[in-house]
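Visitor: One file: final.cif (mmCIF, C-alpha atoms and all ligand atoms).
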data_my_file
#
loop_
_atom_site.label_atom_id
_atom_site.label_comp_id
_atom_site.auth_asym_id
_atom_site.auth_seq_id
_atom_site.Cartn_x
_atom_site.Cartn_y
_atom_site.Cartn_z
CA MET V 1 14.21 -22.71 -7.00
CA GLU V 2 12.50 -20.09 -4.80
CA SER V 3 8.94 -19.17 -5.72
CA TYR V 4 9.77 -15.55 -6.45
CA HIS V 5 12.03 -16.79 -9.26
CA LEU V 6 9.07 -18.33 -11.06
CA ARG V 7 8.44 -16.41 -14.26
CA THR V 8 4.78 -15.69 -14.85
CA ASP V 9 5.09 -16.61 -18.54
CA LEU V 10 6.19 -20.12 -17.55
CA TYR V 11 2.98 -21.16 -15.86
CA GLN V 12 -0.74 -20.43 -16.16
CA ILE V 13 -3.61 -20.69 -13.71
CA THR V 14 -7.00 -21.20 -15.37
CA ALA V 15 -10.31 -22.97 -14.72
CA VAL V 16 -10.42 -26.77 -14.73
CA SER V 17 -12.63 -28.12 -17.54
CA ILE V 18 -14.36 -31.46 -17.73
CA ASN V 19 -11.63 -32.66 -20.11
CA ASP V 20 -9.03 -32.09 -17.39
CA LEU V 21 -10.74 -34.31 -14.86
CA LYS V 22 -8.82 -37.47 -15.78
CA ILE V 23 -5.46 -35.76 -15.21
CA ILE V 24 -6.72 -34.09 -12.01
CA ASN V 25 -7.76 -37.57 -10.78
CA GLU V 26 -4.29 -38.94 -11.63
CA ILE V 27 -2.68 -36.18 -9.55
CA GLU V 28 -5.16 -36.76 -6.71
CA ASN V 29 -4.30 -40.48 -6.83
CA GLN V 30 -0.58 -39.77 -6.72
CA LEU V 31 -1.07 -37.49 -3.70
CA SER V 32 -3.56 -39.84 -1.93
CA LEU V 33 -6.23 -37.12 -2.02
CA ASN V 34 -9.96 -37.77 -2.37
CA LEU V 35 -10.88 -38.16 -6.03
CA THR V 36 -13.09 -35.51 -7.63
CA THR V 37 -15.97 -37.46 -9.15
CA LEU V 38 -17.66 -36.40 -12.36
CA ASN V 39 -20.88 -35.71 -10.43
CA PHE V 40 -19.14 -33.50 -7.89
CA PHE V 41 -17.27 -31.70 -10.67
CA LYS V 42 -20.54 -30.95 -12.48
CA ARG V 43 -22.15 -29.60 -9.30
CA VAL V 44 -19.14 -27.43 -8.54
CA SER V 45 -19.03 -26.07 -12.09
CA LEU V 46 -22.66 -24.94 -11.87
CA ASN V 47 -22.17 -23.22 -8.53
CA ASN V 48 -20.80 -19.67 -8.62
CA ASN V 49 -19.49 -20.03 -5.07
CA PHE V 50 -16.92 -22.63 -6.07
CA LYS V 51 -13.79 -22.35 -8.16
CA PHE V 52 -11.64 -25.18 -9.43
CA LEU V 53 -8.35 -23.99 -10.92
CA LYS V 54 -5.48 -25.81 -12.58
CA LEU V 55 -1.85 -24.76 -12.75
CA GLN V 56 -0.07 -25.61 -16.01
CA VAL V 57 3.60 -25.62 -16.86
CA ASN V 58 4.33 -25.99 -20.57
CA LEU V 59 0.64 -26.79 -21.00
CA ASN V 60 0.89 -29.78 -18.64
CA ILE V 61 -1.34 -29.71 -15.57
CA ILE V 62 0.92 -30.04 -12.53
CA GLY V 63 -1.31 -28.66 -9.78
CA PHE V 64 -4.80 -27.55 -8.82
CA ILE V 65 -6.83 -25.82 -6.14
CA LEU V 66 -10.50 -26.16 -5.33
CA PHE V 67 -12.16 -23.64 -3.04
CA SER V 68 -15.54 -22.27 -2.06
CA PHE V 69 -16.28 -18.69 -1.09
CA ASN V 70 -19.03 -16.34 -0.03
CA LYS V 71 -19.14 -12.63 0.84
CA LYS V 72 -17.30 -13.23 4.11
CA ASP V 73 -14.69 -15.90 3.63
CA CYS V 74 -13.12 -18.58 1.52
CA ASP V 75 -12.48 -22.29 2.23
CA ILE V 76 -9.79 -24.32 0.55
CA ILE V 77 -11.31 -27.72 -0.18
CA SER V 78 -8.37 -29.29 -1.94
CA ILE V 79 -4.94 -28.31 -3.21
CA GLY V 80 -2.26 -30.42 -4.80
CA VAL V 81 1.00 -30.16 -6.72
CA CYS V 82 2.50 -33.21 -8.52
CA LYS V 83 5.33 -34.76 -6.56
CA ASN V 84 7.96 -33.92 -9.22
CA PHE V 85 7.03 -30.24 -9.02
CA GLN V 86 6.71 -29.84 -5.27
CA LYS V 87 8.87 -27.40 -3.29
CA GLN V 88 9.38 -25.22 -6.37
CA GLY V 89 6.92 -22.50 -5.41
CA TYR V 90 3.84 -23.68 -7.33
CA GLY V 91 1.67 -24.32 -4.28
CA LYS V 92 2.51 -20.82 -3.08
CA LYS V 93 1.49 -19.43 -6.47
CA LEU V 94 -1.92 -21.10 -6.17
CA ILE V 95 -2.47 -19.55 -2.72
CA GLU V 96 -1.21 -16.15 -3.89
CA TYR V 97 -3.61 -16.31 -6.84
CA LEU V 98 -6.44 -17.00 -4.43
CA LYS V 99 -5.34 -14.17 -2.14
CA ASN V 100 -5.26 -11.70 -5.02
CA LYS V 101 -8.59 -12.73 -6.54
CA ILE V 102 -10.55 -13.21 -3.34
CA CYS V 103 -9.75 -10.57 -0.74
CA LEU V 104 -11.28 -12.49 2.15
CA ASP V 105 -10.19 -14.54 5.11
CA ILE V 106 -8.99 -17.91 3.83
CA PHE V 107 -9.61 -21.05 5.90
CA VAL V 108 -8.35 -24.60 5.49
CA GLU V 109 -8.60 -27.82 7.50
CA VAL V 110 -5.53 -30.00 7.51
CA SER V 111 -5.08 -33.43 9.03
CA LYS V 112 -2.86 -33.32 12.11
CA ASN V 113 -0.86 -36.09 10.40
CA ASN V 114 -0.20 -34.09 7.21
CA LYS V 115 3.02 -32.53 8.49
CA ASN V 116 4.16 -31.36 5.03
CA ALA V 117 0.94 -29.44 4.39
CA LEU V 118 1.11 -27.89 7.87
CA ILE V 119 4.67 -26.68 7.19
CA PHE V 120 3.52 -25.34 3.82
CA TYR V 121 0.58 -23.36 5.24
CA LYS V 122 2.60 -22.00 8.14
CA LYS V 123 5.32 -20.84 5.72
CA LEU V 124 2.59 -18.94 3.92
CA LYS V 125 1.59 -17.27 7.22
CA PHE V 126 -1.57 -19.23 7.93
CA ILE V 127 -2.21 -19.36 11.68
CA GLU V 128 -3.77 -22.16 13.72
CA ILE V 129 -7.16 -21.12 15.03
CA GLY V 130 -8.76 -24.39 16.09
CA LEU V 131 -8.79 -28.14 16.35
CA ARG V 132 -11.57 -30.33 15.02
CA LYS V 133 -11.52 -33.59 16.92
CA LYS V 134 -11.95 -36.77 14.85
CA TYR V 135 -12.79 -34.64 11.80
CA TYR V 136 -11.71 -37.28 9.28
CA LYS V 137 -14.15 -40.15 9.74
CA LYS V 138 -12.01 -42.60 7.74
CA ASN V 139 -9.30 -42.84 10.41
CA ASN V 140 -10.67 -40.68 13.23
CA THR V 141 -7.90 -38.14 12.73
CA ASP V 142 -8.11 -34.62 14.12
CA ALA V 143 -8.04 -31.62 11.79
CA ILE V 144 -6.24 -28.40 12.47
CA LEU V 145 -8.13 -25.32 11.30
CA LEU V 146 -5.89 -22.66 9.82
CA LYS V 147 -6.65 -19.11 8.74
CA LEU V 148 -4.86 -16.60 6.54
C1 LIG Q 201 1.03 -28.93 0.19
C2 LIG Q 201 1.48 -28.73 -1.27
C3 LIG Q 201 0.29 -28.28 -2.11
C4 LIG Q 201 2.59 -27.67 -1.30
O1 LIG Q 201 2.92 -27.38 -2.64
P1 LIG Q 201 4.40 -26.99 -3.09
O2 LIG Q 201 4.33 -26.55 -4.50
O3 LIG Q 201 5.33 -28.10 -2.77
O4 LIG Q 201 4.71 -25.77 -2.12
P2 LIG Q 201 5.71 -24.54 -2.40
O5 LIG Q 201 6.90 -25.03 -3.15
O6 LIG Q 201 4.97 -23.39 -2.99
O7 LIG Q 201 6.16 -24.19 -0.91
C5 LIG Q 201 5.93 -22.94 -0.25
C6 LIG Q 201 6.82 -22.91 0.96
O8 LIG Q 201 6.55 -24.03 1.81
C7 LIG Q 201 7.72 -24.84 1.97
N1 LIG Q 201 7.34 -26.26 1.92
C8 LIG Q 201 6.41 -26.82 1.12
N2 LIG Q 201 6.38 -28.16 1.35
C9 LIG Q 201 7.32 -28.40 2.29
C10 LIG Q 201 7.78 -29.58 2.95
N3 LIG Q 201 7.27 -30.78 2.63
N4 LIG Q 201 8.77 -29.48 3.86
C11 LIG Q 201 9.31 -28.28 4.18
N5 LIG Q 201 8.92 -27.12 3.58
C12 LIG Q 201 7.95 -27.18 2.67
C13 LIG Q 201 8.60 -24.51 0.76
O9 LIG Q 201 9.94 -24.78 1.02
C14 LIG Q 201 8.30 -23.04 0.57
O10 LIG Q 201 9.03 -22.27 1.51
P3 LIG Q 201 9.85 -20.96 1.04
O11 LIG Q 201 8.78 -20.00 0.53
O12 LIG Q 201 10.53 -20.52 2.27
O13 LIG Q 201 10.75 -21.40 -0.05
C15 LIG Q 201 2.09 -30.05 -1.85
O14 LIG Q 201 3.10 -30.52 -0.98
C16 LIG Q 201 1.08 -31.16 -2.04
O15 LIG Q 201 0.43 -31.26 -3.08
N6 LIG Q 201 0.93 -32.04 -1.03
C17 LIG Q 201 0.04 -33.22 -1.14
C18 LIG Q 201 -1.41 -32.84 -1.09
C19 LIG Q 201 -1.77 -32.14 0.21
O16 LIG Q 201 -1.35 -32.54 1.29
N7 LIG Q 201 -2.59 -31.09 0.08
C20 LIG Q 201 -3.03 -30.29 1.23
C21 LIG Q 201 -4.23 -30.88 1.83
S1 LIG Q 201 -5.02 -29.71 2.89
#
Represent the structure of the file as structure tokens.
Guide:
Amino acid sequence: MESYHLRTDLYQITAVSINDLKIINEIENQLSLNLTTLNFFKRVSLNNNFKFLKLQVNLNIIGFILFSFNKKDCDIISIGVCKNFQKQGYGKKLIEYLKNKICLDIFVEVSKNNKNALIFYKKLKFIEIGLRKKYYKKNNTDAILLKL
């Protein structure tokens, strides 16, 4: 299904609450993403420069996006869509939501090894603007900096 076929009444994008954290962690686990700890969640919730949003289909959380922003720009910290729901336009909806709410340059760092995410961002017209050598300390992987 192409993203422009997604009916807006079939999904909602709203703020993540503390009660959602367990499900967000399950999705993060499934996608091998860093887990959002309770402490980090609390700090983010109290900071007006961060937003943590969930995407629900039939009330089930199937995706999320976490980003920070200031007057100049916006940084995507994490984004994920459950495996069963990938390539159905939901990731695009999260980015479009961000684009519409925050009219700023959007930046994201992606591991050079994360080919799927790189394809995704390039499809959405992000452009490569830099390389951060050995950005990910865990495995010394380079990060590609992208901008929309
Ligand atoms: C990256 C991610 C969020 C994309 O979400 P998604 O819901 O699958 O993306 P969409 O369906 O909205 O895709 C948007 C476009 O990218 C394309 N695309 C997305 N993933 C793709 C892939 N793996 N291979 C080829 N094309 C892909 C889609 O086909 C679509 O193109 P179209 O508009 O021409 O139809 C999702 O794959 C994910 O959660 N990955 C694991 C976590 C991760 O890597 N996060 C990013 C860290 S920076």
Visitor: What are the closest atom pairs, with distances in Å to one decimal, for all residues of chain V lying within 9 Å of ligand LIG 201 (chain Q)? Consider all atoms listed in the file, order rows by chain and residue number, and present the result as CSV.
Guide:
residue,atom,partner,partner_atom,distance
V:Met1,CA,Q:LIG201,O13,7.9
V:Glu2,CA,Q:LIG201,O13,5.2
V:Ser3,CA,Q:LIG201,O11,6.3
V:Tyr4,CA,Q:LIG201,O11,8.3
V:Ile27,CA,Q:LIG201,O15,8.7
V:Glu28,CA,Q:LIG201,C18,7.8
V:Gln30,CA,Q:LIG201,C17,8.6
V:Leu31,CA,Q:LIG201,C17,5.1
V:Ser32,CA,Q:LIG201,C18,7.4
V:Leu33,CA,Q:LIG201,C18,6.5
V:Gly63,CA,Q:LIG201,O15,7.4
V:Phe64,CA,Q:LIG201,C3,8.5
V:Ile65,CA,Q:LIG201,C3,8.5
V:Ile76,CA,Q:LIG201,S1,7.6
V:Ile77,CA,Q:LIG201,S1,7.3
V:Ser78,CA,Q:LIG201,C21,5.8
V:Ile79,CA,Q:LIG201,N7,4.9
V:Gly80,CA,Q:LIG201,O15,3.3
V:Val81,CA,Q:LIG201,O15,3.8
V:Cys82,CA,Q:LIG201,O15,6.1
V:Lys83,CA,Q:LIG201,O15,7.0
V:Phe85,CA,Q:LIG201,O2,6.4
V:Gln86,CA,Q:LIG201,O3,3.3
V:Lys87,CA,Q:LIG201,O5,3.1
V:Gln88,CA,Q:LIG201,O5,4.1
V:Gly89,CA,Q:LIG201,O6,3.2
V:Tyr90,CA,Q:LIG201,O2,4.1
V:Gly91,CA,Q:LIG201,O2,3.5
V:Lys92,CA,Q:LIG201,O6,3.6
V:Lys93,CA,Q:LIG201,O6,6.3
V:Leu94,CA,Q:LIG201,O6,7.9
V:Ile95,CA,Q:LIG201,O6,8.4
V:Val108,CA,Q:LIG201,S1,6.6
V:Glu109,CA,Q:LIG201,S1,6.1
V:Val110,CA,Q:LIG201,S1,4.7
V:Ser111,CA,Q:LIG201,S1,7.2
V:Asn114,CA,Q:LIG201,O16,6.2
V:Lys115,CA,Q:LIG201,N3,7.4
V:Asn116,CA,Q:LIG201,N3,4.0
V:Ala117,CA,Q:LIG201,C1,4.2
V:Leu118,CA,Q:LIG201,C1,7.8
V:Ile119,CA,Q:LIG201,N5,5.6
V:Phe120,CA,Q:LIG201,O8,3.9
V:Tyr121,CA,Q:LIG201,O8,6.9
V:Lys122,CA,Q:LIG201,O8,7.7
V:Lys123,CA,Q:LIG201,O8,5.2
V:Leu124,CA,Q:LIG201,C6,6.5
Visitor: Quick one: distance from atom CA of Asn34 of chain V to atom CA of Tyr135 of chain V in Å, one decimal?
Guide: 14.8 Å
Visitor: Excluding Asn19 of chain V and residues on its chain fewer than 3 positions from it, collect all residues at most 12 Å away from it, counting all atoms listed in the file, and give them as JSON, numbers by chain.
Guide: {"V": [15, 16, 22, 23, 24, 25, 38, 41, 42, 54, 61]}
Visitor: Please compute the atom CA of Gln56 of chain V-atom CA of Ala143 of chain V distance, one decimal, in Å.
Guide: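 One can read the atom CA of Gln56 of chain V to atom CA of Ala143 of chain V distance as 29.5 Å.
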Visitor: I'd like to know which of V:Glu128, V:Glu96, V:Asp20, V:Glu26 is closest to Phe52 of chain V, using all atoms listed in the file.
Guide: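 Once distances to Phe52 of chain V are computed over all atoms listed in the file, the minimum belongs to V:Asp20.
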Visitor: Can you measure atom CA of Lys99 of chain V to atom CA of Leu55 of chain V for me? One decimal in Å is fine.
Guide: 15.4 Å
Visitor: With distances taken over all atoms listed in the file, which residue among V:Phe50, V:Tyr97, V:Phe67, V:Phe107 lies nearest Gly130 of chain V?
Guide: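 When distances to Gly130 of chain V are compared using all atoms listed in the file, the smallest one comes from V:Phe107.
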Visitor: Tell me which of V:Leu146, V:Lys134, V:Asn58, V:Asn113 sits closest to Asp75 of chain V, counting only C-alpha atoms.
Guide: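 Closest residue, counting only C-alpha atoms: V:Leu146.
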Visitor: Take every atom of segment 56-64 of chain V listed in the file, fit an axis-aligned box around them, add 4 Å per side, and give the centre and edge lengths in Å to one decimal as AutoDock Vina command-line options.
Guide:
--center_x -0.2 --center_y -27.8 --center_z -14.9 --size_x 17.1 --size_y 12.4 --size_z 20.2
Visitor: When you count all atoms listed in the file, which of these residues is closest to Arg43 of chain V: V:Asp105, V:Thr141, V:Asp73, V:Ile18?
Guide: V:Ile18
Visitor: Go through V:Lys112, V:Leu46, V:Tyr11, V:Thr36 and flag the residue nearest Ile62 of chain V, using all atoms listed in the file for the distances.
Guide: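 Between V:Lys112, V:Leu46, V:Tyr11, V:Thr36, the residue approaching Ile62 of chain V most closely is V:Tyr11.
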Visitor: Between V:Leu104, V:Leu10, V:Ile129, V:Leu145, single out the one closest to Val57 of chain V, counting all atoms listed in the file.
Guide: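 So, comparing all the options, the nearest one is V:Leu10.
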Visitor: Restore N, CA and C atoms in segment 58-84 of chain V and list the result as a short mmCIF file (atom, residue, chain, number, x, y, z; two decimals), keeping the file's coordinate frame.
Guide:
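Everything below was put into result00.cif:
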data_model
loop_
_atom_site.label_atom_id
_atom_site.label_comp_id
_atom_site.auth_asym_id
_atom_site.auth_seq_id
_atom_site.Cartn_x
_atom_site.Cartn_y
_atom_site.Cartn_z
N ASN V 58 4.21 -25.48 -19.19
CA ASN V 58 4.33 -25.99 -20.57
C ASN V 58 3.09 -26.76 -21.00
N LEU V 59 1.95 -26.22 -20.67
CA LEU V 59 0.64 -26.79 -21.00
C LEU V 59 0.28 -28.06 -20.25
N ASN V 60 1.20 -28.59 -19.43
CA ASN V 60 0.89 -29.78 -18.64
C ASN V 60 0.32 -29.37 -17.29
N ILE V 61 -0.76 -30.03 -16.89
CA ILE V 61 -1.34 -29.71 -15.57
C ILE V 61 -0.46 -30.34 -14.50
N ILE V 62 0.05 -29.50 -13.59
CA ILE V 62 0.92 -30.04 -12.53
C ILE V 62 0.36 -29.73 -11.13
N GLY V 63 -0.74 -28.97 -11.09
CA GLY V 63 -1.31 -28.66 -9.78
C GLY V 63 -2.73 -28.14 -9.92
N PHE V 64 -3.42 -28.05 -8.80
CA PHE V 64 -4.80 -27.55 -8.82
C PHE V 64 -5.18 -27.04 -7.44
N ILE V 65 -6.24 -26.25 -7.43
CA ILE V 65 -6.83 -25.82 -6.14
C ILE V 65 -8.33 -25.75 -6.32
N LEU V 66 -9.05 -26.23 -5.34
CA LEU V 66 -10.50 -26.16 -5.33
C LEU V 66 -10.91 -25.41 -4.07
N PHE V 67 -11.73 -24.37 -4.22
CA PHE V 67 -12.16 -23.64 -3.04
C PHE V 67 -13.59 -23.14 -3.19
N SER V 68 -14.21 -22.87 -2.05
CA SER V 68 -15.54 -22.27 -2.06
C SER V 68 -15.43 -20.90 -1.40
N PHE V 69 -16.33 -20.02 -1.70
CA PHE V 69 -16.28 -18.69 -1.09
C PHE V 69 -17.66 -18.07 -1.03
N ASN V 70 -17.81 -17.14 -0.09
CA ASN V 70 -19.03 -16.34 -0.03
C ASN V 70 -18.58 -14.90 0.24
N LYS V 71 -19.51 -14.05 0.67
CA LYS V 71 -19.14 -12.63 0.84
C LYS V 71 -18.13 -12.45 1.96
N LYS V 72 -18.11 -13.41 2.91
CA LYS V 72 -17.30 -13.23 4.11
C LYS V 72 -15.94 -13.91 4.06
N ASP V 73 -15.94 -15.14 3.57
CA ASP V 73 -14.69 -15.90 3.63
C ASP V 73 -14.58 -16.94 2.53
N CYS V 74 -13.44 -17.64 2.58
CA CYS V 74 -13.12 -18.58 1.52
C CYS V 74 -12.55 -19.85 2.18
N ASP V 75 -12.95 -21.01 1.68
CA ASP V 75 -12.48 -22.29 2.23
C ASP V 75 -11.73 -23.08 1.18
N ILE V 76 -10.51 -23.45 1.49
CA ILE V 76 -9.79 -24.32 0.55
C ILE V 76 -10.29 -25.74 0.77
N ILE V 77 -10.78 -26.36 -0.29
CA ILE V 77 -11.31 -27.72 -0.18
C ILE V 77 -10.21 -28.72 -0.53
N SER V 78 -9.45 -28.39 -1.54
CA SER V 78 -8.37 -29.29 -1.94
C SER V 78 -7.29 -28.50 -2.68
N ILE V 79 -6.06 -28.92 -2.48
CA ILE V 79 -4.94 -28.31 -3.21
C ILE V 79 -3.90 -29.40 -3.40
N GLY V 80 -3.29 -29.42 -4.57
CA GLY V 80 -2.26 -30.42 -4.80
C GLY V 80 -1.28 -29.99 -5.89
N VAL V 81 -0.04 -30.39 -5.70
CA VAL V 81 1.00 -30.16 -6.72
C VAL V 81 1.69 -31.51 -6.93
N CYS V 82 1.85 -31.92 -8.19
CA CYS V 82 2.50 -33.21 -8.52
C CYS V 82 3.82 -33.33 -7.79
N LYS V 83 4.12 -34.56 -7.36
CA LYS V 83 5.33 -34.76 -6.56
C LYS V 83 6.59 -34.17 -7.21
N ASN V 84 6.75 -34.39 -8.52
CA ASN V 84 7.96 -33.92 -9.22
C ASN V 84 8.11 -32.41 -9.21
#
